[in-house]
file run24.tsv (TSV, N, CA and C atoms)
chain	number	residue	atom	x	y	z
A	127	MET	N	126.52	150.34	56.76
A	127	MET	CA	127.78	150.98	57.08
A	127	MET	C	128.27	150.44	58.43
A	128	ASN	N	129.50	149.89	58.44
A	128	ASN	CA	130.08	149.33	59.66
A	128	ASN	C	130.84	150.42	60.40
A	129	THR	N	130.41	150.73	61.62
A	129	THR	CA	131.06	151.78	62.40
A	129	THR	C	132.03	151.20	63.42
A	130	ARG	N	132.17	149.89	63.47
A	130	ARG	CA	133.06	149.26	64.44
A	130	ARG	C	134.50	149.36	63.96
A	131	CYS	N	135.38	149.59	64.92
A	131	CYS	CA	136.81	149.65	64.65
A	131	CYS	C	137.53	148.72	65.61
A	132	CYS	N	138.79	148.44	65.32
A	132	CYS	CA	139.63	147.64	66.20
A	132	CYS	C	139.67	148.30	67.58
A	133	SER	N	139.66	147.51	68.63
A	133	SER	CA	139.64	148.03	70.00
A	133	SER	C	140.99	148.59	70.45
A	134	ARG	N	142.06	148.30	69.73
A	134	ARG	CA	143.37	148.83	70.11
A	134	ARG	C	143.41	150.34	69.88
A	135	THR	N	144.04	151.04	70.79
A	135	THR	CA	144.10	152.49	70.75
A	135	THR	C	144.73	152.97	69.44
A	136	ALA	N	144.11	153.94	68.80
A	136	ALA	CA	144.56	154.60	67.58
A	136	ALA	C	144.51	153.71	66.35
A	137	CYS	N	143.94	152.53	66.43
A	137	CYS	CA	143.81	151.67	65.26
A	137	CYS	C	142.42	151.88	64.67
A	138	LYS	N	142.37	152.22	63.41
A	138	LYS	CA	141.09	152.49	62.74
A	138	LYS	C	140.73	151.40	61.74
A	139	GLN	N	141.43	150.27	61.79
A	139	GLN	CA	141.16	149.16	60.87
A	139	GLN	C	139.84	148.48	61.25
A	140	PRO	N	139.17	147.89	60.27
A	140	PRO	CA	137.93	147.17	60.59
A	140	PRO	C	138.24	145.90	61.36
A	141	PRO	N	137.42	145.55	62.33
A	141	PRO	CA	137.67	144.34	63.11
A	141	PRO	C	137.31	143.08	62.32
A	142	VAL	N	138.03	142.00	62.62
A	142	VAL	CA	137.79	140.71	61.99
A	142	VAL	C	137.53	139.65	63.05
A	143	TYR	N	138.06	139.86	64.25
A	143	TYR	CA	137.96	138.89	65.34
A	143	TYR	C	137.38	139.55	66.58
A	144	THR	N	136.85	138.73	67.48
A	144	THR	CA	136.41	139.20	68.79
A	144	THR	C	137.20	138.43	69.84
A	145	LEU	N	137.78	139.14	70.79
A	145	LEU	CA	138.57	138.57	71.87
A	145	LEU	C	137.76	138.59	73.15
A	146	THR	N	137.70	137.45	73.81
A	146	THR	CA	137.00	137.33	75.09
A	146	THR	C	137.91	136.64	76.08
A	147	TYR	N	137.95	137.12	77.30
A	147	TYR	CA	138.75	136.50	78.35
A	147	TYR	C	137.85	135.65	79.24
A	148	VAL	N	138.31	134.43	79.53
A	148	VAL	CA	137.62	133.54	80.47
A	148	VAL	C	138.54	133.46	81.69
A	149	TYR	N	138.29	134.32	82.66
A	149	TYR	CA	139.20	134.44	83.80
A	149	TYR	C	139.27	133.17	84.63
A	150	ARG	N	138.16	132.48	84.78
A	150	ARG	CA	138.13	131.26	85.59
A	150	ARG	C	139.11	130.22	85.06
A	151	ASP	N	139.22	130.12	83.71
A	151	ASP	CA	140.08	129.13	83.08
A	151	ASP	C	141.43	129.69	82.65
A	152	SER	N	141.68	130.97	82.92
A	152	SER	CA	142.91	131.64	82.47
A	152	SER	C	143.09	131.41	80.97
A	153	THR	N	142.06	131.76	80.21
A	153	THR	CA	142.06	131.52	78.78
A	153	THR	C	141.57	132.76	78.05
A	154	ALA	N	142.22	133.05	76.92
A	154	ALA	CA	141.77	134.10	76.01
A	154	ALA	C	141.22	133.40	74.78
A	155	VAL	N	139.98	133.72	74.40
A	155	VAL	CA	139.34	133.10	73.25
A	155	VAL	C	139.26	134.13	72.13
A	156	LEU	N	139.88	133.81	71.00
A	156	LEU	CA	139.88	134.69	69.84
A	156	LEU	C	139.06	134.00	68.75
A	157	GLY	N	137.90	134.55	68.47
A	157	GLY	CA	136.99	133.92	67.51
A	157	GLY	C	136.54	134.90	66.45
A	158	PRO	N	135.64	134.45	65.59
A	158	PRO	CA	135.12	135.32	64.53
A	158	PRO	C	134.43	136.55	65.13
A	159	LEU	N	134.34	137.58	64.36
A	159	LEU	CA	133.73	138.82	64.82
A	159	LEU	C	132.30	138.56	65.28
A	160	ALA	N	132.00	139.00	66.49
A	160	ALA	CA	130.65	138.84	67.04
A	160	ALA	C	129.67	139.71	66.26
A	161	ALA	N	128.44	139.24	66.16
A	161	ALA	CA	127.42	139.96	65.42
A	161	ALA	C	127.09	141.30	66.07
A	162	TYR	N	127.20	141.36	67.39
A	162	TYR	CA	126.88	142.59	68.12
A	162	TYR	C	128.04	142.95	69.03
A	163	VAL	N	128.15	144.22	69.35
A	163	VAL	CA	129.15	144.67	70.31
A	163	VAL	C	128.74	144.18	71.69
A	164	GLU	N	129.63	143.48	72.36
A	164	GLU	CA	129.34	142.93	73.68
A	164	GLU	C	130.25	143.58	74.71
A	165	PRO	N	129.73	143.83	75.92
A	165	PRO	CA	130.61	144.34	76.96
A	165	PRO	C	131.62	143.26	77.34
A	166	HIS	N	132.79	143.63	77.72
A	166	HIS	CA	133.86	142.73	78.14
A	166	HIS	C	134.43	141.91	76.98
A	167	CYS	N	134.14	142.28	75.75
A	167	CYS	CA	134.73	141.65	74.56
A	167	CYS	C	135.45	142.74	73.78
A	168	TYR	N	136.47	142.35	73.05
A	168	TYR	CA	137.29	143.31	72.32
A	168	TYR	C	137.33	142.90	70.85
A	169	ASP	N	137.03	143.84	69.95
A	169	ASP	CA	137.11	143.59	68.52
A	169	ASP	C	138.53	143.90	68.07
A	170	LEU	N	139.13	143.00	67.30
A	170	LEU	CA	140.51	143.18	66.85
A	170	LEU	C	140.60	143.05	65.34
A	171	CYS	N	141.49	143.84	64.74
A	171	CYS	CA	141.77	143.72	63.31
A	171	CYS	C	142.71	142.53	63.08
A	172	GLU	N	142.96	142.21	61.84
A	172	GLU	CA	143.81	141.07	61.48
A	172	GLU	C	145.21	141.20	62.09
A	173	LYS	N	145.78	142.39	62.00
A	173	LYS	CA	147.16	142.63	62.49
A	173	LYS	C	147.25	142.42	64.01
A	174	HIS	N	146.34	143.01	64.76
A	174	HIS	CA	146.41	142.91	66.21
A	174	HIS	C	146.02	141.51	66.71
A	175	ALA	N	145.15	140.83	66.01
A	175	ALA	CA	144.80	139.46	66.39
A	175	ALA	C	146.00	138.54	66.21
A	176	ALA	N	146.78	138.75	65.15
A	176	ALA	CA	147.96	137.92	64.89
A	176	ALA	C	149.04	138.16	65.95
A	177	ARG	N	149.10	139.36	66.50
A	177	ARG	CA	150.14	139.70	67.49
A	177	ARG	C	149.65	139.57	68.93
A	178	LEU	N	148.54	138.89	69.15
A	178	LEU	CA	147.97	138.77	70.48
A	178	LEU	C	148.93	138.07	71.44
A	179	VAL	N	149.16	138.68	72.59
A	179	VAL	CA	149.99	138.11	73.65
A	179	VAL	C	149.14	138.08	74.92
A	180	VAL	N	149.20	136.96	75.64
A	180	VAL	CA	148.42	136.82	76.87
A	180	VAL	C	149.36	136.70	78.06
A	181	PRO	N	148.87	136.89	79.27
A	181	PRO	CA	149.73	136.77	80.45
A	181	PRO	C	150.34	135.38	80.57
A	182	ARG	N	151.48	135.31	81.21
A	182	ARG	CA	152.17	134.03	81.42
A	182	ARG	C	151.24	133.07	82.17
A	183	GLY	N	151.18	131.84	81.69
A	183	GLY	CA	150.32	130.83	82.30
A	183	GLY	C	148.93	130.75	81.69
A	184	TRP	N	148.58	131.68	80.84
A	184	TRP	CA	147.27	131.68	80.19
A	184	TRP	C	147.35	130.90	78.87
A	185	ASP	N	146.20	130.41	78.42
A	185	ASP	CA	146.09	129.72	77.14
A	185	ASP	C	145.33	130.60	76.16
A	186	VAL	N	145.61	130.41	74.87
A	186	VAL	CA	144.87	131.11	73.82
A	186	VAL	C	144.14	130.06	73.00
A	187	VAL	N	142.84	130.25	72.83
A	187	VAL	CA	142.04	129.39	71.96
A	187	VAL	C	141.68	130.23	70.75
A	188	ARG	N	142.13	129.79	69.58
A	188	ARG	CA	141.83	130.50	68.33
A	188	ARG	C	140.79	129.71	67.56
A	189	LEU	N	139.60	130.26	67.48
A	189	LEU	CA	138.51	129.61	66.76
A	189	LEU	C	138.63	129.96	65.28
A	190	PRO	N	138.06	129.13	64.39
A	190	PRO	CA	138.18	129.40	62.96
A	190	PRO	C	137.55	130.73	62.59
A	191	PRO	N	138.26	131.54	61.81
A	191	PRO	CA	137.74	132.86	61.45
A	191	PRO	C	136.64	132.80	60.40
A	192	ASP	N	136.56	131.70	59.66
A	192	ASP	CA	135.59	131.58	58.59
A	192	ASP	C	134.24	131.13	59.14
A	193	PRO	N	133.20	131.93	59.06
A	193	PRO	CA	131.90	131.53	59.59
A	193	PRO	C	131.37	130.26	58.93
A	194	ALA	N	131.69	130.03	57.65
A	194	ALA	CA	131.23	128.80	56.98
A	194	ALA	C	131.84	127.58	57.65
A	195	GLN	N	133.11	127.67	58.06
A	195	GLN	CA	133.76	126.56	58.76
A	195	GLN	C	133.11	126.34	60.12
A	196	GLU	N	132.77	127.43	60.79
A	196	GLU	CA	132.12	127.32	62.10
A	196	GLU	C	130.76	126.65	61.97
A	197	ARG	N	129.99	127.02	60.94
A	197	ARG	CA	128.69	126.40	60.72
A	197	ARG	C	128.84	124.91	60.42
A	198	ALA	N	129.88	124.57	59.64
A	198	ALA	CA	130.13	123.17	59.31
A	198	ALA	C	130.48	122.38	60.57
A	199	ASP	N	131.29	122.97	61.45
A	199	ASP	CA	131.64	122.31	62.71
A	199	ASP	C	130.40	122.12	63.59
A	200	ASP	N	129.54	123.14	63.66
A	200	ASP	CA	128.31	123.04	64.45
A	200	ASP	C	127.40	121.95	63.89
A	201	LEU	N	127.28	121.91	62.58
A	201	LEU	CA	126.43	120.91	61.95
A	201	LEU	C	126.97	119.50	62.20
A	202	GLU	N	128.29	119.34	62.13
A	202	GLU	CA	128.89	118.03	62.39
A	202	GLU	C	128.67	117.62	63.85
A	203	ALA	N	128.83	118.55	64.78
A	203	ALA	CA	128.61	118.25	66.20
A	203	ALA	C	127.16	117.85	66.44
A	204	LEU	N	126.22	118.54	65.81
A	204	LEU	CA	124.81	118.21	65.95
A	204	LEU	C	124.53	116.82	65.38
A	205	ALA	N	125.10	116.51	64.22
A	205	ALA	CA	124.90	115.19	63.62
A	205	ALA	C	125.47	114.10	64.51
A	206	ASN	N	126.63	114.34	65.13
A	206	ASN	CA	127.22	113.36	66.04
A	206	ASN	C	126.35	113.10	67.25
A	207	ILE	N	125.75	114.14	67.80
A	207	ILE	CA	124.88	113.98	68.97
A	207	ILE	C	123.64	113.18	68.60
A	208	VAL	N	123.03	113.50	67.45
A	208	VAL	CA	121.84	112.77	67.01
A	208	VAL	C	122.19	111.30	66.78
A	209	ARG	N	123.33	111.04	66.16
A	209	ARG	CA	123.75	109.66	65.91
A	209	ARG	C	123.96	108.91	67.22
A	210	ASP	N	124.63	109.55	68.18
A	210	ASP	CA	124.89	108.91	69.48
A	210	ASP	C	123.60	108.61	70.23
A	211	VAL	N	122.65	109.55	70.20
A	211	VAL	CA	121.38	109.35	70.89
A	211	VAL	C	120.60	108.22	70.24
A	212	SER	N	120.61	108.15	68.91
A	212	SER	CA	119.87	107.08	68.24
A	212	SER	C	120.50	105.72	68.53
A	213	ARG	N	121.82	105.66	68.65
A	213	ARG	CA	122.48	104.42	69.03
A	213	ARG	C	122.10	104.01	70.45
A	214	ALA	N	122.07	104.98	71.34
A	214	ALA	CA	121.75	104.69	72.75
A	214	ALA	C	120.32	104.17	72.88
A	215	ASP	N	119.40	104.65	72.03
A	215	ASP	CA	118.02	104.18	72.09
A	215	ASP	C	117.91	102.72	71.66
A	216	ARG	N	118.78	102.27	70.76
A	216	ARG	CA	118.72	100.90	70.25
A	216	ARG	C	119.49	99.91	71.10
A	217	MET	N	120.44	100.40	71.90
A	217	MET	CA	121.30	99.50	72.67
A	217	MET	C	120.91	99.53	74.14
A	218	PRO	N	120.95	98.37	74.83
A	218	PRO	CA	120.68	98.36	76.27
A	218	PRO	C	121.85	99.00	77.01
A	219	PRO	N	121.61	99.51	78.22
A	219	PRO	CA	122.71	100.10	78.99
A	219	PRO	C	123.78	99.05	79.22
A	220	ARG	N	125.04	99.50	79.14
A	220	ARG	CA	126.12	98.55	79.37
A	220	ARG	C	126.85	98.89	80.65
A	221	PRO	N	127.32	97.86	81.36
A	221	PRO	CA	128.02	98.12	82.61
A	221	PRO	C	129.39	98.75	82.34
A	222	VAL	N	129.81	99.59	83.26
A	222	VAL	CA	131.11	100.24	83.17
A	222	VAL	C	132.11	99.38	83.92
A	223	ALA	N	133.30	99.26	83.38
A	223	ALA	CA	134.32	98.42	84.01
A	223	ALA	C	134.59	98.89	85.43
A	224	GLN	N	134.72	97.92	86.31
A	224	GLN	CA	134.98	98.21	87.72
A	224	GLN	C	136.46	98.54	87.88
A	225	PRO	N	136.81	99.60	88.62
A	225	PRO	CA	138.22	99.93	88.80
A	225	PRO	C	138.94	98.85	89.59
A	226	ARG	N	140.23	98.72	89.29
A	226	ARG	CA	141.04	97.75	90.03
A	226	ARG	C	141.17	98.19	91.47
A	227	GLN	N	141.18	97.22	92.34
A	227	GLN	CA	141.27	97.53	93.76
A	227	GLN	C	142.68	97.22	94.25
A	228	ALA	N	143.21	98.12	95.03
A	228	ALA	CA	144.51	97.89	95.66
A	228	ALA	C	144.31	96.93	96.83
A	229	PRO	N	145.36	96.21	97.24
A	229	PRO	CA	145.22	95.33	98.40
A	229	PRO	C	144.76	96.12	99.61
A	230	ARG	N	143.85	95.56	100.37
A	230	ARG	CA	143.30	96.26	101.54
A	230	ARG	C	144.31	96.32	102.66
A	231	GLN	N	144.34	97.48	103.27
A	231	GLN	CA	145.25	97.68	104.40
A	231	GLN	C	144.50	98.43	105.49
A	232	GLY	N	143.90	97.72	106.39
A	232	GLY	CA	143.25	98.34	107.54
A	232	GLY	C	141.86	98.86	107.24
A	233	ALA	N	141.32	99.66	108.17
A	233	ALA	CA	139.96	100.17	108.09
A	233	ALA	C	139.81	101.24	107.02
A	234	ALA	N	140.89	101.98	106.70
A	234	ALA	CA	140.80	103.05	105.71
A	234	ALA	C	140.47	102.47	104.35
A	235	ALA	N	141.03	101.32	104.01
A	235	ALA	CA	140.75	100.69	102.72
A	235	ALA	C	139.31	100.17	102.67
A	236	ALA	N	138.77	99.72	103.79
A	236	ALA	CA	137.41	99.20	103.83
A	236	ALA	C	136.38	100.32	103.62
A	237	ALA	N	136.73	101.57	103.97
A	237	ALA	CA	135.80	102.68	103.84
A	237	ALA	C	135.72	103.19	102.40
A	238	GLU	N	136.63	102.77	101.52
A	238	GLU	CA	136.61	103.26	100.15
A	238	GLU	C	135.42	102.66	99.40
A	239	PRO	N	134.67	103.50	98.65
A	239	PRO	CA	133.49	102.99	97.97
A	239	PRO	C	133.86	102.04	96.83
A	240	VAL	N	133.11	100.97	96.72
A	240	VAL	CA	133.29	99.99	95.65
A	240	VAL	C	131.92	99.72	95.08
A	241	GLY	N	131.80	99.69	93.78
A	241	GLY	CA	130.50	99.43	93.17
A	241	GLY	C	130.63	99.31	91.67
A	242	GLN	N	129.55	98.99	91.04
A	242	GLN	CA	129.52	98.85	89.59
A	242	GLN	C	128.59	99.92	89.06
A	243	GLY	N	129.03	100.67	88.06
A	243	GLY	CA	128.18	101.69	87.45
A	243	GLY	C	127.55	101.15	86.18
A	244	VAL	N	126.43	101.74	85.80
A	244	VAL	CA	125.74	101.37	84.57
A	244	VAL	C	125.62	102.62	83.72
A	245	GLU	N	126.11	102.54	82.49
A	245	GLU	CA	126.02	103.68	81.58
A	245	GLU	C	124.58	103.85	81.13
A	246	VAL	N	124.03	105.06	81.34
A	246	VAL	CA	122.65	105.32	80.97
A	246	VAL	C	122.54	106.33	79.83
A	247	GLY	N	123.64	106.95	79.47
A	247	GLY	CA	123.62	107.91	78.38
A	247	GLY	C	125.02	108.27	77.94
A	248	ARG	N	125.11	108.83	76.75
A	248	ARG	CA	126.42	109.20	76.23
A	248	ARG	C	126.24	110.38	75.29
A	249	ARG	N	127.16	111.32	75.36
A	249	ARG	CA	127.17	112.47	74.45
A	249	ARG	C	128.62	112.77	74.14
A	250	GLY	N	129.04	112.37	72.94
A	250	GLY	CA	130.43	112.56	72.56
A	250	GLY	C	131.31	111.68	73.43
A	251	HIS	N	132.32	112.26	74.03
A	251	HIS	CA	133.22	111.50	74.89
A	251	HIS	C	132.75	111.47	76.34
A	252	LEU	N	131.61	112.10	76.65
A	252	LEU	CA	131.10	112.13	78.01
A	252	LEU	C	130.07	111.02	78.21
A	253	ARG	N	130.06	110.44	79.39
A	253	ARG	CA	129.11	109.37	79.71
A	253	ARG	C	128.34	109.73	80.97
A	254	VAL	N	127.07	109.34	81.00
A	254	VAL	CA	126.26	109.46	82.22
A	254	VAL	C	126.24	108.08	82.84
A	255	VAL	N	126.74	107.98	84.06
A	255	VAL	CA	126.86	106.69	84.73
A	255	VAL	C	126.03	106.73	86.00
A	256	ARG	N	125.14	105.73	86.15
A	256	ARG	CA	124.35	105.59	87.36
A	256	ARG	C	125.05	104.58	88.25
A	257	SER	N	125.26	104.91	89.49
A	257	SER	CA	125.95	104.02	90.42
A	257	SER	C	125.00	102.96	90.93
A	258	ALA	N	125.53	101.75	90.98
A	258	ALA	CA	124.79	100.66	91.61
A	258	ALA	C	125.23	100.61	93.07
A	259	PRO	N	124.37	100.19	93.97
A	259	PRO	CA	124.79	100.16	95.37
A	259	PRO	C	125.95	99.18	95.57
A	260	ALA	N	126.83	99.51	96.48
A	260	ALA	CA	127.97	98.65	96.79
A	260	ALA	C	127.47	97.39	97.49
A	261	PRO	N	128.13	96.24	97.24
A	261	PRO	CA	127.70	95.02	97.91
A	261	PRO	C	127.87	95.13	99.42
A	262	GLN	N	126.89	94.63	100.17
A	262	GLN	CA	126.94	94.68	101.62
A	262	GLN	C	127.73	93.50	102.17
A	263	PRO	N	128.64	93.74	103.11
A	263	PRO	CA	129.39	92.62	103.69
A	263	PRO	C	128.47	91.75	104.53
A	264	GLU	N	128.75	90.46	104.47
A	264	GLU	CA	127.94	89.52	105.25
A	264	GLU	C	128.35	89.57	106.71
A	265	SER	N	127.38	89.48	107.62
A	265	SER	CA	127.67	89.57	109.04
A	265	SER	C	127.87	88.21	109.65
call {"tool": "encode", "arguments": {"input": "run24.tsv", "output": "C-alpha coordinates"}}
result
Amino acid sequence: MNTRCCSRTACKQPPVYTLTYVYRDSTAVLGPLAAYVEPHCYDLCEKHAARLVVPRGWDVVRLPPDPAQERADDLEALANIVRDVSRADRMPPRPVAQPRQAPRQGAAAAAEPVGQGVEVGRRGHLRVVRSAPAPQPES
(Lines of atoms letter the chains of each structure in order from A and count residues from 1; the text may use other names and numbers.)
(Lines give C-alpha, C1' and ligand atoms only; values in the text may rest on other atoms or scores of the structure.)
Protein backbone atom coordinates (compact mmCIF):
# COMPACT_ATOMS: atom_id res chain seq x y z
CA MET A 1 0.00 0.00 0.00
CA ASN A 2 1.50 3.34 -1.12
CA THR A 3 0.92 6.06 1.48
CA ARG A 4 2.86 8.76 -0.38
CA CYS A 5 0.95 11.68 -1.84
CA CYS A 6 1.87 14.68 -3.96
CA SER A 7 3.74 17.29 -1.90
CA ARG A 8 1.51 20.14 -3.09
CA THR A 9 -0.95 21.32 -0.47
CA ALA A 10 -4.39 19.63 -0.64
CA CYS A 11 -3.36 17.34 -3.51
CA LYS A 12 -4.07 13.69 -2.76
CA GLN A 13 -2.90 12.29 -6.11
CA PRO A 14 -0.20 9.61 -6.12
CA PRO A 15 3.27 10.97 -6.88
CA VAL A 16 5.04 10.09 -10.12
CA TYR A 17 8.09 12.37 -9.97
CA THR A 18 10.56 13.60 -7.36
CA LEU A 19 11.72 17.23 -7.43
CA THR A 20 15.12 18.18 -6.05
CA TYR A 21 16.71 21.63 -5.98
CA VAL A 22 20.44 22.06 -6.59
CA TYR A 23 20.97 25.53 -5.14
CA ARG A 24 24.64 25.77 -6.10
CA ASP A 25 23.76 25.39 -9.81
CA SER A 26 20.38 27.19 -9.64
CA THR A 27 18.77 24.06 -11.05
CA ALA A 28 15.59 22.13 -10.33
CA VAL A 29 15.85 18.41 -11.17
CA LEU A 30 12.59 16.59 -11.87
CA GLY A 31 13.14 12.86 -12.11
CA PRO A 32 11.39 9.54 -11.57
CA LEU A 33 9.83 8.92 -8.18
CA ALA A 34 12.52 8.16 -5.61
CA ALA A 35 12.36 4.75 -3.97
CA TYR A 36 12.36 6.34 -0.51
CA VAL A 37 11.12 9.61 0.94
CA GLU A 38 14.12 11.92 1.15
CA PRO A 39 14.42 15.16 3.11
CA HIS A 40 14.65 18.25 0.89
CA CYS A 41 12.95 16.41 -2.01
CA TYR A 42 9.36 16.85 -3.11
CA ASP A 43 7.10 14.17 -4.61
CA LEU A 44 4.84 15.51 -7.36
CA CYS A 45 1.89 14.08 -9.25
CA GLU A 46 1.69 14.18 -13.06
CA LYS A 47 -0.37 17.41 -13.08
CA HIS A 48 1.89 19.40 -10.76
CA ALA A 49 5.09 18.14 -12.41
CA ALA A 50 3.81 19.36 -15.80
CA ARG A 51 3.05 22.82 -14.34
CA LEU A 52 6.39 23.19 -12.55
CA VAL A 53 7.68 26.79 -12.53
CA VAL A 54 11.11 27.74 -11.18
CA PRO A 55 12.56 31.12 -10.18
CA ARG A 56 13.82 33.42 -12.93
CA GLY A 57 17.36 32.47 -13.95
CA TRP A 58 17.02 28.85 -12.83
CA ASP A 59 17.17 25.81 -15.12
CA VAL A 60 14.93 22.74 -15.07
CA VAL A 61 16.37 19.31 -15.81
CA ARG A 62 13.66 16.76 -16.61
CA LEU A 63 14.93 13.21 -16.37
CA PRO A 64 13.08 10.39 -18.15
CA PRO A 65 10.09 9.24 -16.10
CA ASP A 66 10.34 5.65 -17.33
CA PRO A 67 12.67 3.62 -15.10
CA ALA A 68 13.36 1.21 -17.99
CA GLN A 69 14.70 4.14 -20.04
CA GLU A 70 16.85 5.24 -17.11
CA ARG A 71 18.30 1.74 -16.74
CA ALA A 72 19.02 1.66 -20.48
CA ASP A 73 20.82 5.02 -20.25
CA ASP A 74 22.87 3.80 -17.26
CA LEU A 75 23.77 0.60 -19.08
CA GLU A 76 24.82 2.54 -22.19
CA ALA A 77 26.96 4.92 -20.10
CA LEU A 78 28.63 1.97 -18.38
CA ALA A 79 29.31 0.28 -21.73
CA ASN A 80 30.84 3.52 -23.08
CA ILE A 81 33.17 3.82 -20.09
CA VAL A 82 34.32 0.20 -20.41
CA ARG A 83 34.90 0.68 -24.14
CA ASP A 84 36.90 3.88 -23.57
CA VAL A 85 39.04 2.29 -20.86
CA SER A 86 39.80 -0.74 -23.03
CA ARG A 87 40.82 1.56 -25.89
CA ALA A 88 43.08 3.55 -23.58
CA ASP A 89 44.80 0.34 -22.43
CA ARG A 90 45.65 -0.58 -26.05
CA MET A 91 46.76 2.87 -27.20
CA PRO A 92 49.87 4.79 -26.03
CA PRO A 93 49.27 8.22 -24.47
CA ARG A 94 48.94 10.89 -27.11
CA PRO A 95 50.17 14.46 -26.83
CA VAL A 96 47.61 17.22 -26.53
CA ALA A 97 47.81 20.04 -29.04
CA GLN A 98 49.73 23.02 -27.77
CA PRO A 99 47.66 26.23 -27.59
CA ARG A 100 48.52 29.01 -30.00
CA GLN A 101 50.66 31.69 -28.51
CA ALA A 102 49.98 35.37 -28.95
CA PRO A 103 52.93 37.61 -29.88
CA ARG A 104 54.98 38.37 -26.78
CA GLN A 105 54.72 41.82 -25.35
CA GLY A 106 56.98 42.52 -22.40
CA ALA A 107 57.60 40.58 -19.19
CA ALA A 108 53.90 39.75 -18.61
CA ALA A 109 53.84 37.55 -21.72
CA ALA A 110 57.04 35.77 -20.65
CA ALA A 111 55.44 34.79 -17.31
CA GLU A 112 52.58 32.92 -19.02
CA PRO A 113 52.99 29.14 -18.71
CA VAL A 114 53.81 27.26 -21.90
CA GLY A 115 54.10 23.49 -22.11
CA GLN A 116 52.93 20.32 -23.74
CA GLY A 117 50.42 18.05 -22.01
CA VAL A 118 50.15 14.29 -22.40
CA GLU A 119 46.75 12.61 -22.26
CA VAL A 120 46.88 9.81 -19.69
CA GLY A 121 43.21 8.91 -19.48
CA ARG A 122 39.80 9.59 -20.93
CA ARG A 123 36.23 9.12 -19.74
CA GLY A 124 33.57 10.25 -22.17
CA HIS A 125 34.29 13.81 -23.21
CA LEU A 126 36.62 14.40 -20.24
CA ARG A 127 40.39 13.93 -20.48
CA VAL A 128 43.08 13.54 -17.84
CA VAL A 129 46.11 15.53 -18.98
CA ARG A 130 49.52 15.40 -17.31
CA SER A 131 51.57 18.55 -17.81
CA ALA A 132 55.06 18.31 -19.14
CA PRO A 133 57.53 20.84 -17.74
CA ALA A 134 57.86 24.05 -19.73
CA PRO A 135 61.08 24.40 -21.73
CA GLN A 136 63.77 26.33 -19.86
CA PRO A 137 65.18 29.41 -21.60
CA GLU A 138 68.85 29.23 -22.43
CA SER A 139 71.09 31.60 -20.47
call {"tool": "residues_around", "arguments": {"input": "run24.tsv", "residues": "range 141-144 of chain A", "least_positions_apart": "2", "cutoff": "6 Å", "atoms": "only C-alpha atoms", "output": "list in words"}}
result
Cys131, Cys132, Leu156, Gly157, Pro158, Leu159, Tyr168, Asp169, Leu170 and Cys171 of chain A
call {"tool": "closest_residue", "arguments": {"input": "run24.tsv", "among": "A:Ala161, A:Cys167, A:Gly183, A:Ala203", "to": "Leu145 in chain A", "atoms": "only N, CA and C atoms"}}
result
A:Cys167
call {"tool": "select_by_dssp", "arguments": {"input": "run24.tsv", "residues": "range 139-210 of chain A", "states": "strand (DSSP E)", "output": "ChimeraX atom specification"}}
result
/A:143-148,153-158,167-170,185-188
call {"tool": "atom_distance", "arguments": {"input": "run24.tsv", "atom1": "CA of Pro190 in chain A", "atom2": "atom N of Val208 in chain A"}}
result
22.4 Å
call {"tool": "atom_distance", "arguments": {"input": "run24.tsv", "atom1": "atom N of Arg177 in chain A", "atom2": "atom C of Val155 in chain A"}}
result
12.5 Å
call {"tool": "axis_aligned_box", "arguments": {"input": "run24.tsv", "around": "range 141-145 of chain A", "padding_each_side": "8 Å", "output": "JSON"}}
result
{"center_x": 137.5, "center_y": 142.0, "center_z": 67.6, "size_x": 18.2, "size_y": 23.1, "size_z": 27.2}
call {"tool": "atom_distance", "arguments": {"input": "run24.tsv", "atom1": "atom C of Leu189 in chain A", "atom2": "atom N of Ala160 in chain A"}}
result
11.3 Å
call {"tool": "residues_near_point", "arguments": {"input": "run24.tsv", "point": "(140.1, 132.2, 81.0)", "cutoff": "12 Å", "atoms": "only C-alpha atoms", "output": "CSV table (one decimal) with N, CA and C atoms, in the coordinates of the input"}}
result
chain,number,residue,atom,x,y,z
A,145,LEU,N,137.8,139.1,70.8
A,145,LEU,CA,138.6,138.6,71.9
A,145,LEU,C,137.8,138.6,73.2
A,146,THR,N,137.7,137.4,73.8
A,146,THR,CA,137.0,137.3,75.1
A,146,THR,C,137.9,136.6,76.1
A,147,TYR,N,138.0,137.1,77.3
A,147,TYR,CA,138.8,136.5,78.4
A,147,TYR,C,137.8,135.6,79.2
A,148,VAL,N,138.3,134.4,79.5
A,148,VAL,CA,137.6,133.5,80.5
A,148,VAL,C,138.5,133.5,81.7
A,149,TYR,N,138.3,134.3,82.7
A,149,TYR,CA,139.2,134.4,83.8
A,149,TYR,C,139.3,133.2,84.6
A,150,ARG,N,138.2,132.5,84.8
A,150,ARG,CA,138.1,131.3,85.6
A,150,ARG,C,139.1,130.2,85.1
A,151,ASP,N,139.2,130.1,83.7
A,151,ASP,CA,140.1,129.1,83.1
A,151,ASP,C,141.4,129.7,82.6
A,152,SER,N,141.7,131.0,82.9
A,152,SER,CA,142.9,131.6,82.5
A,152,SER,C,143.1,131.4,81.0
A,153,THR,N,142.1,131.8,80.2
A,153,THR,CA,142.1,131.5,78.8
A,153,THR,C,141.6,132.8,78.0
A,154,ALA,N,142.2,133.0,76.9
A,154,ALA,CA,141.8,134.1,76.0
A,154,ALA,C,141.2,133.4,74.8
A,155,VAL,N,140.0,133.7,74.4
A,155,VAL,CA,139.3,133.1,73.2
A,155,VAL,C,139.3,134.1,72.1
A,156,LEU,N,139.9,133.8,71.0
A,156,LEU,CA,139.9,134.7,69.8
A,156,LEU,C,139.1,134.0,68.8
A,180,VAL,N,149.2,137.0,75.6
A,180,VAL,CA,148.4,136.8,76.9
A,180,VAL,C,149.4,136.7,78.1
A,181,PRO,N,148.9,136.9,79.3
A,181,PRO,CA,149.7,136.8,80.4
A,181,PRO,C,150.3,135.4,80.6
A,183,GLY,N,151.2,131.8,81.7
A,183,GLY,CA,150.3,130.8,82.3
A,183,GLY,C,148.9,130.8,81.7
A,184,TRP,N,148.6,131.7,80.8
A,184,TRP,CA,147.3,131.7,80.2
A,184,TRP,C,147.4,130.9,78.9
A,185,ASP,N,146.2,130.4,78.4
A,185,ASP,CA,146.1,129.7,77.1
A,185,ASP,C,145.3,130.6,76.2
A,186,VAL,N,145.6,130.4,74.9
A,186,VAL,CA,144.9,131.1,73.8
A,186,VAL,C,144.1,130.1,73.0
A,187,VAL,N,142.8,130.2,72.8
A,187,VAL,CA,142.0,129.4,72.0
A,187,VAL,C,141.7,130.2,70.8
